[in-house]
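So this block is target.txt, compact mmCIF, C-alpha atoms:
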```txt
# COMPACT_ATOMS: atom_id res chain seq x y z
CA MET A 1 1.83 2.26 -48.90
CA ALA A 2 -1.63 2.46 -47.40
CA LEU A 3 -3.26 -0.73 -46.07
CA PRO A 4 -6.47 -1.99 -47.70
CA SER A 5 -9.30 -0.21 -45.97
CA SER A 6 -10.95 -3.39 -44.62
CA LEU A 7 -7.65 -4.45 -43.02
CA GLU A 8 -7.21 -1.02 -41.53
CA GLU A 9 -10.74 -1.14 -40.17
CA LEU A 10 -10.09 -4.57 -38.58
CA ILE A 11 -6.94 -3.28 -36.86
CA GLU A 12 -8.76 -0.20 -35.66
CA ALA A 13 -11.68 -2.34 -34.39
CA LEU A 14 -9.39 -4.64 -32.40
CA ARG A 15 -8.03 -1.65 -30.53
CA CYS A 16 -11.27 -1.36 -28.59
CA LEU A 17 -10.12 -4.31 -26.48
CA PRO A 18 -8.50 -3.37 -23.15
CA GLY A 19 -4.72 -3.21 -23.26
CA VAL A 20 -4.55 -3.52 -27.08
CA GLY A 21 -2.48 -0.82 -28.74
CA PRO A 22 -1.80 -0.31 -32.46
CA LYS A 23 1.06 -2.88 -32.56
CA SER A 24 -0.86 -5.69 -30.85
CA ALA A 25 -3.94 -4.95 -32.94
CA GLN A 26 -1.88 -5.32 -36.09
CA ARG A 27 -0.38 -8.60 -34.87
CA MET A 28 -3.83 -9.96 -33.99
CA ALA A 29 -5.31 -8.96 -37.33
CA TYR A 30 -2.52 -10.61 -39.34
CA HIS A 31 -2.66 -13.71 -37.15
CA LEU A 32 -6.39 -14.13 -37.70
CA LEU A 33 -6.18 -13.57 -41.45
CA GLN A 34 -3.02 -15.61 -42.14
CA HIS A 35 -3.06 -18.45 -39.67
CA ASN A 36 -6.54 -18.84 -38.30
CA PRO A 37 -9.32 -17.81 -40.70
CA ARG A 38 -11.66 -20.40 -39.11
CA GLY A 39 -11.01 -18.94 -35.70
CA ALA A 40 -11.72 -15.51 -37.15
CA THR A 41 -15.06 -16.64 -38.58
CA ARG A 42 -15.98 -18.21 -35.27
CA LEU A 43 -15.00 -15.06 -33.40
CA SER A 44 -17.03 -12.81 -35.63
CA GLN A 45 -20.08 -15.09 -35.41
CA ALA A 46 -19.80 -15.49 -31.64
CA LEU A 47 -19.50 -11.75 -31.21
CA ALA A 48 -22.52 -11.07 -33.42
CA THR A 49 -24.61 -13.75 -31.66
CA ALA A 50 -23.63 -12.53 -28.20
CA LEU A 51 -24.47 -8.96 -29.08
CA ASP A 52 -27.74 -10.06 -30.56
CA THR A 53 -28.96 -12.44 -27.85
CA LEU A 54 -27.47 -11.21 -24.58
CA ARG A 55 -29.39 -8.77 -22.48
CA ARG A 56 -29.53 -7.72 -18.84
CA CYS A 57 -31.53 -9.93 -16.48
CA GLU A 58 -34.50 -7.95 -15.23
CA ARG A 59 -33.84 -9.03 -11.68
CA CYS A 60 -30.05 -9.28 -11.19
CA ASN A 61 -28.81 -7.03 -14.02
CA ASN A 62 -26.30 -9.71 -15.12
CA PHE A 63 -26.01 -10.84 -18.74
CA THR A 64 -28.55 -13.43 -19.80
CA GLU A 65 -30.37 -14.70 -22.88
CA SER A 66 -33.83 -14.65 -21.35
CA GLU A 67 -35.82 -11.96 -19.60
CA VAL A 68 -34.93 -13.38 -16.19
CA CYS A 69 -31.77 -15.46 -15.83
CA SER A 70 -31.83 -19.10 -14.67
CA ARG A 71 -30.28 -18.27 -11.31
CA CYS A 72 -32.96 -15.72 -10.49
CA GLN A 73 -35.66 -18.22 -11.54
CA SER A 74 -34.22 -21.15 -9.60
CA SER A 75 -36.35 -22.41 -6.70
CA LYS A 76 -33.20 -23.80 -5.05
CA ARG A 77 -31.84 -20.31 -4.33
CA ASP A 78 -32.76 -18.42 -1.18
CA ALA A 79 -34.81 -15.42 -2.30
CA THR A 80 -34.57 -13.75 1.12
CA GLN A 81 -30.88 -12.89 0.62
CA LEU A 82 -29.60 -10.50 -2.01
CA CYS A 83 -25.87 -10.03 -2.53
CA ILE A 84 -24.70 -6.88 -4.30
CA VAL A 85 -21.50 -7.08 -6.33
CA GLU A 86 -19.77 -4.62 -8.62
CA MET A 87 -19.09 -6.79 -11.68
CA PRO A 88 -20.17 -10.16 -13.14
CA ILE A 89 -16.70 -11.51 -12.36
CA ASP A 90 -17.29 -10.75 -8.66
CA LEU A 91 -20.48 -12.80 -8.83
CA ASN A 92 -18.47 -15.72 -10.23
CA THR A 93 -16.03 -15.38 -7.33
CA MET A 94 -18.87 -15.42 -4.79
CA GLU A 95 -20.31 -18.53 -6.47
CA GLN A 96 -16.95 -20.31 -6.23
CA THR A 97 -17.08 -19.95 -2.44
CA HIS A 98 -20.04 -22.39 -2.20
CA ALA A 99 -20.83 -20.41 0.94
CA TYR A 100 -23.76 -18.46 -0.42
CA ASN A 101 -27.05 -19.68 -1.82
CA GLY A 102 -29.00 -16.44 -2.15
CA LEU A 103 -29.57 -14.22 -5.16
CA TYR A 104 -27.48 -11.41 -6.64
CA TYR A 105 -27.60 -7.95 -8.05
CA VAL A 106 -24.75 -6.82 -10.31
CA LEU A 107 -24.17 -3.06 -10.27
CA MET A 108 -21.94 -3.09 -13.37
CA GLY A 109 -19.65 -0.54 -11.75
CA ARG A 110 -19.06 1.47 -8.61
CA LEU A 111 -19.46 5.04 -7.47
CA SER A 112 -16.54 7.03 -8.80
CA PRO A 113 -17.14 10.72 -8.09
CA LEU A 114 -13.98 11.88 -9.86
CA ASP A 115 -15.06 10.13 -13.05
CA GLY A 116 -18.60 11.42 -12.75
CA ILE A 117 -20.07 7.98 -11.99
CA GLY A 118 -22.91 8.44 -9.53
CA PRO A 119 -26.22 6.84 -8.59
CA ARG A 120 -27.80 7.87 -11.90
CA GLU A 121 -25.13 6.17 -13.99
CA LEU A 122 -25.38 3.01 -11.86
CA ALA A 123 -29.20 3.02 -11.83
CA PHE A 124 -29.47 2.83 -8.03
CA GLU A 125 -33.24 3.24 -8.38
CA ARG A 126 -33.48 -0.09 -10.15
CA LEU A 127 -31.53 -1.86 -7.44
CA LEU A 128 -33.62 -0.25 -4.71
CA SER A 129 -36.84 -1.42 -6.29
CA ARG A 130 -35.35 -4.93 -6.76
CA ALA A 131 -34.42 -5.06 -3.06
CA SER A 132 -37.89 -3.86 -2.06
CA ASP A 133 -39.73 -6.83 -3.64
CA GLY A 134 -41.02 -7.90 -0.22
CA LEU A 135 -39.12 -11.22 -0.28
CA VAL A 136 -35.63 -9.88 0.40
CA LYS A 137 -34.87 -9.87 4.12
CA GLU A 138 -31.14 -9.21 4.02
CA VAL A 139 -28.94 -7.37 1.55
CA ILE A 140 -25.27 -8.36 1.63
CA LEU A 141 -22.93 -5.68 0.32
CA ALA A 142 -20.00 -7.35 -1.44
CA THR A 143 -18.54 -4.35 -3.25
CA ASN A 144 -14.76 -4.08 -3.30
CA PHE A 145 -12.70 -2.79 -0.38
CA THR A 146 -11.41 0.13 -2.38
CA ASN A 147 -12.42 3.70 -1.57
CA GLU A 148 -14.94 3.60 -4.45
CA GLY A 149 -16.35 0.25 -3.31
CA GLU A 150 -16.66 1.55 0.26
CA ALA A 151 -18.43 4.72 -0.86
CA THR A 152 -20.84 2.58 -2.91
CA ALA A 153 -21.51 0.28 0.06
CA HIS A 154 -22.05 3.22 2.41
CA TYR A 155 -24.67 4.95 0.28
CA LEU A 156 -26.46 1.72 -0.60
CA SER A 157 -26.66 0.81 3.08
CA GLU A 158 -28.15 4.21 3.95
CA MET A 159 -30.78 3.93 1.23
CA LEU A 160 -31.65 0.33 2.09
CA HIS A 161 -31.82 1.06 5.83
CA ALA A 162 -34.21 3.91 5.06
CA ARG A 163 -36.47 1.33 3.37
CA GLY A 164 -36.36 -0.91 6.43
CA ILE A 165 -34.17 -3.61 4.87
CA LYS A 166 -31.47 -5.37 6.93
CA VAL A 167 -28.03 -4.72 5.49
CA SER A 168 -24.73 -6.51 6.07
CA ARG A 169 -21.24 -6.04 4.64
CA ILE A 170 -18.76 -8.84 3.93
CA ALA A 171 -15.87 -8.80 6.43
CA ARG A 172 -12.31 -7.88 5.61
CA GLY A 173 -8.98 -8.62 7.19
CA VAL A 174 -6.02 -10.95 7.10
CA PRO A 175 -6.60 -13.61 4.39
CA VAL A 176 -7.30 -17.24 5.28
CA GLY A 177 -3.98 -19.01 5.84
CA GLY A 178 -2.36 -15.60 5.97
CA GLU A 179 0.49 -14.75 8.28
CA LEU A 180 0.76 -11.28 9.77
CA GLU A 181 4.41 -11.14 8.79
CA TYR A 182 3.52 -11.33 5.11
CA THR A 183 0.37 -9.22 5.15
CA ASP A 184 0.57 -5.59 4.07
CA ALA A 185 0.47 -3.06 6.87
CA ALA A 186 -2.70 -1.29 5.66
CA THR A 187 -4.64 -4.58 5.81
CA VAL A 188 -3.34 -5.43 9.28
CA ALA A 189 -4.12 -1.88 10.48
CA GLN A 190 -7.71 -2.16 9.25
CA ALA A 191 -8.07 -5.67 10.68
CA PHE A 192 -6.96 -4.25 14.02
CA ILE A 193 -9.35 -1.27 13.85
CA GLU A 194 -12.25 -3.60 12.97
CA ARG A 195 -11.32 -6.30 15.52
CA ARG A 196 -14.21 -8.11 17.18
CA ASP A 197 -15.02 -9.85 20.47
CA TYR A 198 -13.76 -13.39 20.51
CA MET B 1 16.05 17.36 -14.83
CA SER B 2 18.34 14.59 -16.01
CA ALA B 3 16.74 11.45 -17.37
CA LYS B 4 18.30 9.33 -14.65
CA GLN B 5 17.19 11.50 -11.79
CA ARG B 6 15.83 9.45 -8.96
CA ILE B 7 13.70 10.85 -6.18
CA ASP B 8 13.20 8.94 -2.95
CA GLY B 9 11.19 9.08 0.23
CA VAL B 10 8.69 11.80 -0.72
CA ALA B 11 5.52 12.20 1.35
CA ALA B 12 2.56 12.05 -1.00
CA PHE B 13 -1.14 11.36 -1.39
CA LEU B 14 -2.76 9.54 -4.30
CA LEU B 15 -5.46 11.81 -5.75
CA HIS B 16 -6.69 9.67 -8.62
CA SER B 17 -5.53 6.93 -10.95
CA HIS B 18 -6.30 5.65 -14.43
CA PRO B 19 -5.71 2.19 -15.90
CA TYR B 20 -2.80 2.11 -18.32
CA SER B 21 -2.10 -0.83 -20.65
CA GLU B 22 -3.07 -4.29 -19.40
CA THR B 23 -1.55 -4.23 -15.93
CA SER B 24 -0.42 -0.71 -15.05
CA LEU B 25 -1.81 2.47 -13.57
CA VAL B 26 -1.07 6.12 -14.12
CA LEU B 27 -1.30 7.80 -10.73
CA ASP B 28 -2.11 11.44 -10.16
CA VAL B 29 -0.08 12.15 -7.06
CA PHE B 30 0.12 15.19 -4.77
CA SER B 31 3.55 15.18 -3.18
CA ARG B 32 4.82 17.50 -0.50
CA GLU B 33 8.07 18.55 -2.17
CA HIS B 34 7.25 18.17 -5.87
CA GLY B 35 3.59 19.10 -6.07
CA ARG B 36 1.16 17.30 -8.33
CA LEU B 37 2.58 14.91 -10.85
CA PRO B 38 1.68 11.86 -12.96
CA ILE B 39 3.52 8.65 -12.11
CA LEU B 40 3.35 5.36 -13.98
CA ALA B 41 2.99 2.40 -11.61
CA ARG B 42 4.04 -0.62 -13.67
CA GLY B 43 2.24 -3.85 -12.87
CA ALA B 44 0.05 -2.21 -10.22
CA ARG B 45 -3.03 -3.95 -11.60
CA ARG B 46 -1.55 -7.44 -11.62
CA PRO B 47 -3.62 -9.79 -9.43
CA ARG B 48 -0.90 -10.28 -6.81
CA SER B 49 0.74 -6.87 -7.04
CA ALA B 50 2.08 -5.70 -3.68
CA LEU B 51 1.06 -2.18 -4.71
CA ARG B 52 -2.63 -3.08 -4.36
CA GLY B 53 -2.55 -2.74 -0.59
CA THR B 54 -0.36 0.37 -0.77
CA LEU B 55 -1.64 2.72 -3.44
CA ILE B 56 -4.75 3.80 -1.58
CA GLY B 57 -6.34 7.24 -1.75
CA PHE B 58 -6.59 9.40 1.40
CA GLN B 59 -3.63 7.60 2.96
CA LEU B 60 -0.21 9.10 3.58
CA LEU B 61 2.35 7.38 1.34
CA GLU B 62 6.07 7.59 0.86
CA LEU B 63 6.94 7.39 -2.81
CA GLY B 64 10.10 7.12 -4.86
CA TRP B 65 10.29 7.57 -8.64
CA PHE B 66 12.62 8.18 -11.55
CA GLY B 67 12.49 9.66 -15.03
CA GLY B 68 12.96 13.05 -16.57
CA GLY B 69 9.86 13.18 -18.75
CA GLU B 70 6.44 14.46 -17.85
CA VAL B 71 5.28 11.07 -16.57
CA LYS B 72 7.63 9.60 -13.96
CA THR B 73 7.99 5.91 -13.20
CA LEU B 74 7.22 4.63 -9.74
CA ALA B 75 10.19 2.97 -8.08
CA LYS B 76 8.96 2.51 -4.56
CA ALA B 77 5.78 3.00 -2.56
CA GLU B 78 5.28 2.63 1.13
CA TRP B 79 2.17 3.06 3.18
CA CYS B 80 2.84 5.30 6.19
CA GLY B 81 -0.36 4.78 8.16
CA GLY B 82 -1.61 7.03 10.90
CA ILE B 83 -4.81 8.09 9.10
CA PRO B 84 -7.84 5.79 9.38
CA LEU B 85 -9.58 5.04 6.07
CA LEU B 86 -12.27 7.57 5.22
CA LYS B 87 -15.79 6.27 5.62
CA GLY B 88 -19.22 7.12 4.26
CA ARG B 89 -20.04 10.76 3.66
CA CYS B 90 -16.46 11.80 4.52
CA LEU B 91 -15.24 9.73 1.57
CA LEU B 92 -17.35 11.87 -0.76
CA LEU B 93 -15.99 15.04 0.86
CA GLY B 94 -12.49 13.64 0.39
CA TYR B 95 -13.20 13.23 -3.33
CA TYR B 96 -14.30 16.87 -3.40
CA LEU B 97 -10.92 17.95 -1.97
CA ASN B 98 -9.14 15.74 -4.50
CA GLU B 99 -11.12 17.17 -7.39
CA LEU B 100 -10.29 20.73 -6.31
CA LEU B 101 -6.59 19.85 -6.32
CA LEU B 102 -6.85 18.04 -9.66
CA LYS B 103 -8.65 20.93 -11.32
CA LEU B 104 -6.99 23.95 -9.71
CA LEU B 105 -3.41 22.99 -8.91
CA PRO B 106 -0.98 23.12 -11.82
CA ARG B 107 1.41 20.20 -12.18
CA GLU B 108 4.93 20.17 -10.73
CA ASP B 109 4.41 23.21 -8.55
CA ALA B 110 5.49 22.46 -4.98
CA HIS B 111 3.03 23.57 -2.30
CA PRO B 112 4.23 22.13 1.02
CA THR B 113 1.90 24.34 3.11
CA LEU B 114 -1.11 23.27 1.06
CA PHE B 115 0.04 19.64 1.33
CA ASP B 116 0.04 19.99 5.11
CA SER B 117 -3.44 21.58 5.03
CA TYR B 118 -4.67 18.68 2.89
CA ALA B 119 -3.15 16.09 5.24
CA GLU B 120 -4.69 17.87 8.20
CA ALA B 121 -8.14 18.03 6.57
CA ILE B 122 -8.08 14.35 5.56
CA GLY B 123 -6.88 13.34 9.05
CA ALA B 124 -9.64 15.39 10.66
CA LEU B 125 -12.32 13.91 8.36
CA ALA B 126 -11.02 10.40 9.04
CA ASN B 127 -11.18 10.99 12.78
CA GLY B 128 -14.78 12.15 12.64
CA ALA B 129 -14.28 15.91 13.01
CA ASP B 130 -17.10 18.29 12.07
CA ASP B 131 -16.60 18.43 8.32
CA ALA B 132 -17.74 21.93 7.29
CA PRO B 133 -14.96 23.87 9.09
CA GLU B 134 -12.36 21.48 7.66
CA LEU B 135 -13.61 22.07 4.12
CA ARG B 136 -13.62 25.87 4.58
CA ARG B 137 -10.07 25.87 5.99
CA PHE B 138 -8.84 23.78 3.11
CA GLU B 139 -10.62 25.91 0.49
CA LYS B 140 -9.05 29.03 2.01
CA ALA B 141 -5.57 27.45 2.02
CA LEU B 142 -6.02 26.34 -1.60
CA LEU B 143 -7.20 29.75 -2.84
CA LYS B 144 -4.29 31.41 -1.07
CA GLU B 145 -1.75 28.97 -2.53
CA ILE B 146 -2.92 29.27 -6.11
CA GLY B 147 -2.26 32.96 -5.89
CA TYR B 148 -5.67 34.23 -5.12
CA GLY B 149 -4.81 37.25 -3.01
CA LEU B 150 -8.04 37.76 -1.15
CA SER B 151 -7.53 39.16 2.30
CA PHE B 152 -10.38 38.42 4.67
CA GLY B 153 -9.17 40.98 7.16
CA HIS B 154 -9.17 43.98 4.79
CA ASP B 155 -11.58 45.42 2.26
CA ALA B 156 -10.77 46.41 -1.33
CA ASP B 157 -9.34 49.76 -0.19
CA GLY B 158 -7.11 48.14 2.42
CA ALA B 159 -9.20 49.28 5.37
CA PRO B 160 -9.55 46.75 8.21
CA VAL B 161 -12.81 44.78 8.11
CA GLU B 162 -15.23 45.84 10.84
CA ALA B 163 -17.28 43.18 12.60
CA GLN B 164 -20.55 45.16 12.53
CA GLN B 165 -20.38 46.17 8.86
CA ARG B 166 -21.84 44.11 5.99
CA TYR B 167 -19.70 43.47 2.92
CA GLY B 168 -20.29 42.40 -0.63
CA TYR B 169 -17.70 40.40 -2.53
CA PHE B 170 -16.87 41.45 -6.09
CA ILE B 171 -14.80 39.29 -8.42
CA GLU B 172 -11.46 40.96 -9.31
CA ARG B 173 -12.07 43.76 -6.82
CA GLY B 174 -12.59 42.24 -3.42
CA LEU B 175 -14.65 43.18 -0.40
CA ILE B 176 -16.63 46.37 -0.42
CA ALA B 177 -18.65 47.71 2.50
CA ILE B 178 -22.32 47.73 1.52
CA ASP B 179 -25.26 49.12 3.40
CA ASP B 180 -28.24 48.12 1.25
CA ALA B 181 -29.08 44.42 1.22
CA GLU B 182 -29.03 43.75 -2.53
CA GLY B 183 -27.43 40.48 -3.60
CA PHE B 184 -25.25 38.35 -1.36
CA THR B 185 -23.59 40.18 1.49
CA LEU B 186 -21.83 38.85 4.55
CA SER B 187 -21.01 40.26 7.92
CA GLY B 188 -17.62 41.63 8.88
CA LYS B 189 -17.57 39.20 11.77
CA THR B 190 -17.78 36.24 9.34
CA LEU B 191 -14.79 37.62 7.42
CA LEU B 192 -12.77 38.09 10.60
CA ASP B 193 -13.72 34.57 11.70
CA ILE B 194 -12.60 33.12 8.35
CA ASP B 195 -9.35 35.06 8.73
CA ALA B 196 -8.85 33.50 12.16
CA ASP B 197 -10.06 30.00 11.06
CA ASP B 198 -12.76 30.19 13.72
CA TYR B 199 -15.99 28.49 12.62
CA SER B 200 -17.73 28.19 15.98
CA ASP B 201 -20.50 30.65 14.99
CA PRO B 202 -23.27 28.98 12.89
CA ARG B 203 -23.70 32.18 10.86
CA THR B 204 -19.98 32.15 10.03
CA LEU B 205 -20.40 28.58 8.79
CA SER B 206 -23.35 29.34 6.53
CA GLU B 207 -22.02 32.64 5.14
CA SER B 208 -18.49 31.30 4.60
CA LYS B 209 -19.89 28.33 2.66
CA ILE B 210 -21.61 30.66 0.17
CA LEU B 211 -18.54 32.89 -0.14
CA MET B 212 -16.13 29.97 -0.65
CA ARG B 213 -18.45 28.41 -3.20
CA GLN B 214 -18.40 31.66 -5.19
CA LEU B 215 -14.63 31.97 -4.98
CA VAL B 216 -14.05 28.33 -5.91
CA SER B 217 -16.56 28.48 -8.80
CA HIS B 218 -14.83 31.57 -10.14
CA GLN B 219 -11.50 29.71 -10.13
CA LEU B 220 -13.01 26.64 -11.75
CA GLY B 221 -14.59 28.68 -14.53
CA ASP B 222 -16.67 26.36 -16.72
CA LYS B 223 -15.17 23.12 -15.34
CA PRO B 224 -18.04 21.43 -13.47
CA LEU B 225 -17.32 19.60 -10.21
CA GLN B 226 -18.22 15.93 -10.78
CA SER B 227 -17.91 15.04 -7.10
CA ARG B 228 -20.42 17.73 -6.13
CA ARG B 229 -22.92 16.49 -8.73
CA VAL B 230 -22.59 12.90 -7.49
CA PHE B 231 -22.93 14.09 -3.88
CA ILE B 232 -26.14 15.96 -4.69
CA ASP B 233 -27.55 13.01 -6.67
CA LEU B 234 -26.86 10.68 -3.74
CA HIS B 235 -28.56 12.91 -1.24
CA GLU B 236 -31.62 13.25 -3.46
CA LEU B 237 -32.29 9.51 -3.48
```
What does the file become when written as structure tokens?
Amino acid sequence: MALPSSLEELIEALRCLPGVGPKSAQRMAYHLLQHNPRGATRLSQALATALDTLRRCERCNNFTESEVCSRCQSSKRDATQLCIVEMPIDLNTMEQTHAYNGLYYVLMGRLSPLDGIGPRELAFERLLSRASDGLVKEVILATNFTNEGEATAHYLSEMLHARGIKVSRIARGVPVGGELEYTDAATVAQAFIERRDY
Amino acid sequence: MSAKQRIDGVAAFLLHSHPYSETSLVLDVFSREHGRLPILARGARRPRSALRGTLIGFQLLELGWFGGGEVKTLAKAEWCGGIPLLKGRCLLLGYYLNELLLKLLPREDAHPTLFDSYAEAIGALANGADDAPELRRFEKALLKEIGYGLSFGHDADGAPVEAQQRYGYFIERGLIAIDDAEGFTLSGKTLLDIDADDYSDPRTLSESKILMRQLVSHQLGDKPLQSRRVFIDLHEL
């Protein structure tokens, strides 16, 4: 027998979440309707509010409720340093280090030539004009150490260099507290290739 | 192939991968003995997965898998080393090679010679070799392997190419000696150089690039090359 159309629509809608197939979507839908209608109301309201109020910060491209986010407005942050990360979650990781007090720019992705994601899709122009505000003295590239992240970092560094901006890249190698014995060979090989004077 | 068949210790390169379910990846792999094939790497996207430092593009890997269906399941992956990671512009060229293989090489067709050409090209790019000759050699090897029977040493009638003569290339027919300069023509010397993999002459480099682009485009048909578009966009900025 066919499901009521609103139930079917709910199941279908839940499938837009990553890793949710038809079975899990069905389980989630029944759970919300049977056991947690209040949670369901809250979820639907939170989703609607978030969609309605959240926008991209004009300066860092991260999600915010105002035109410019509080971090970009803060006088306590060092406006001469700009750290470029791929995703908002990478920004959170950088913040947890307590090692950095500059500002950010979130790319919301990375170059991925095989998927057709290039500078147009990532709005490189916007980032370049952000970095050329006259205050930024150093851009720190903190994209991932994957091939895509490296390609992104390489092209950004070329474009920023061409505009006379100092560029640095976060270092990579054996993790803190790491033992060579337990580190994967590719990491140790790269740490060796990029060894420095000591 | 029986469902329990297990393959071990195969030299392979990772061409591309797609997320699958919450924590897995489907790899598009180019292996020496089994050609191109999709392999499911379970748990490869878990935060502490040991596969994270292993399943890297443009690196020689040794893979093991099982399964009789179209998509195999990864059993083992080892990083072999020996090729530095590609950097900068060479990374983009590497993606171009990968896209050619993804778009032109049918699945589960073994091409050990082409695999060796690919490994050689990636190794040369990683070690900072002049990139254009490497790309041309690889394009030639690829066209030859996918059954494109163009001989650079002979014209359409089977006569040996002469260095001083100019030739036009015609799809489905081949090389024809041409005396008037209408359309794209290239010198016999360029053709003989391509045949001998000798790209020391700048004119050979420029003419071979145009010829290979035509041949590759013909093979691709209406499938656009994403990596080329991204490359052009990047160099326009």
| request: Could you please determine the separation between atom CA of Arg172 of chain A and atom CA of Phe13 of chain B in Å, to one decimal place? | output: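 According to the coordinates, atom CA of Arg172 of chain A and atom CA of Phe13 of chain B are separated by 23.3 Å.
Here is the contact set of chain B against chain A, at 6 Å and counting all atoms listed in the file: Ser21, Glu22, Gly88, Gln226, Ser227 and Val230 of chain B.
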Starting from the point (-28.7, -13.5, -24.4), work out which residues of protein, DNA or RNA have an atom no more than 12 Å away when counting all atoms listed in the file; state them as a tab-separated table (two decimals) with C-alpha atoms, in the coordinates of the input.
```
chain	number	residue	atom	x	y	z
A	46	ALA	CA	-19.80	-15.49	-31.64
A	47	LEU	CA	-19.50	-11.75	-31.21
A	48	ALA	CA	-22.52	-11.07	-33.42
A	49	THR	CA	-24.61	-13.75	-31.66
A	50	ALA	CA	-23.63	-12.53	-28.20
A	51	LEU	CA	-24.47	-8.96	-29.08
A	52	ASP	CA	-27.74	-10.06	-30.56
A	53	THR	CA	-28.96	-12.44	-27.85
A	54	LEU	CA	-27.47	-11.21	-24.58
A	55	ARG	CA	-29.39	-8.77	-22.48
A	56	ARG	CA	-29.53	-7.72	-18.84
A	57	CYS	CA	-31.53	-9.93	-16.48
A	62	ASN	CA	-26.30	-9.71	-15.12
A	63	PHE	CA	-26.01	-10.84	-18.74
A	64	THR	CA	-28.55	-13.43	-19.80
A	65	GLU	CA	-30.37	-14.70	-22.88
A	66	SER	CA	-33.83	-14.65	-21.35
A	67	GLU	CA	-35.82	-11.96	-19.60
A	68	VAL	CA	-34.93	-13.38	-16.19
A	69	CYS	CA	-31.77	-15.46	-15.83
A	70	SER	CA	-31.83	-19.10	-14.67
```
| query | Can you tell me, as an MDAnalysis selection string, what residues are no more than 9 Å from Thr204 of chain B when counting only C-alpha atoms, ignoring any on the same chain fewer than 2 positions away? | reply | chainID B and resid 186:187 189:191 193:194 198:202 206:209
Quick one: 8 Å padding each side, axis-aligned, all listed atoms of segment 97-101 of chain B - centre and edge lengths in Å to one decimal, as lines of an AutoDock Vina configuration file?
```
center_x = -8.9
center_y = 18.2
center_z = -4.7
size_x = 20.5
size_y = 21.0
size_z = 21.4
```
| request: May I ask for the distance between atom CA of Ile84 of chain A and atom CA of Thr143 of chain A, given in Å to one decimal place? | output: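 So the answer is 6.7 Å.
Take atom CA of Ile11 of chain A and atom CA of Arg27 of chain A: the distance between them is 8.7 Å.
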| field | Residue with smallest distance to Leu104 of chain B - pool B:Gly123, B:Leu150, B:Leu142, B:Gly128, counting only C-alpha atoms | value |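 Selected residue with least distance to Leu104 of chain B: B:Leu142.
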| said: Measuring between all atoms listed in the file, which one of A:Gln81, A:Ala162, A:Met94, A:Lys23 shows the shortest distance to Leu135 of chain A? | reply: A:Gln81
| said: Distance cut-off 7 Å, centre (6.8, 4.1, 5.4) in file coordinates, counting all atoms listed in the file: which residues qualify? Return them as number ranges by chain. | reply: B: 61-62, 78-80
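The nearest approach to Arg45 of chain B among the residues B:Val29, B:His18, B:Ser117, B:Glu139, with all atoms listed in the file taken into account, belongs to B:His18.
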For segment 49-60 of chain B, which lacks atoms in the input, supply N, CA and C atoms and format the output as a short mmCIF file (atom, residue, chain, number, x, y, z; two decimals), keeping the file's coordinate frame.
```
data_model
loop_
_atom_site.label_atom_id
_atom_site.label_comp_id
_atom_site.auth_asym_id
_atom_site.auth_seq_id
_atom_site.Cartn_x
_atom_site.Cartn_y
_atom_site.Cartn_z
N SER B 49 -0.18 -7.99 -7.22
CA SER B 49 0.74 -6.87 -7.04
C SER B 49 0.74 -6.38 -5.58
N ALA B 50 1.95 -6.19 -5.06
CA ALA B 50 2.08 -5.70 -3.68
C ALA B 50 1.59 -4.26 -3.58
N LEU B 51 1.48 -3.59 -4.73
CA LEU B 51 1.06 -2.18 -4.71
C LEU B 51 -0.43 -2.04 -4.41
N ARG B 52 -1.19 -3.15 -4.58
CA ARG B 52 -2.63 -3.08 -4.36
C ARG B 52 -3.00 -2.63 -2.95
N GLY B 53 -2.25 -3.10 -1.98
CA GLY B 53 -2.55 -2.74 -0.59
C GLY B 53 -1.86 -1.45 -0.17
N THR B 54 -1.15 -0.81 -1.11
CA THR B 54 -0.36 0.37 -0.77
C THR B 54 -0.89 1.63 -1.43
N LEU B 55 -1.20 1.53 -2.71
CA LEU B 55 -1.64 2.72 -3.44
C LEU B 55 -3.12 2.98 -3.16
N ILE B 56 -3.39 3.55 -2.01
CA ILE B 56 -4.75 3.80 -1.58
C ILE B 56 -4.92 5.32 -1.43
N GLY B 57 -6.06 5.82 -1.90
CA GLY B 57 -6.34 7.24 -1.75
C GLY B 57 -6.58 7.60 -0.29
N PHE B 58 -6.37 8.85 0.05
CA PHE B 58 -6.59 9.40 1.40
C PHE B 58 -5.69 8.76 2.46
N GLN B 59 -4.59 8.18 2.03
CA GLN B 59 -3.63 7.60 2.96
C GLN B 59 -2.26 8.22 2.68
N LEU B 60 -1.54 8.51 3.75
CA LEU B 60 -0.21 9.10 3.58
C LEU B 60 0.74 8.02 3.06
#
```
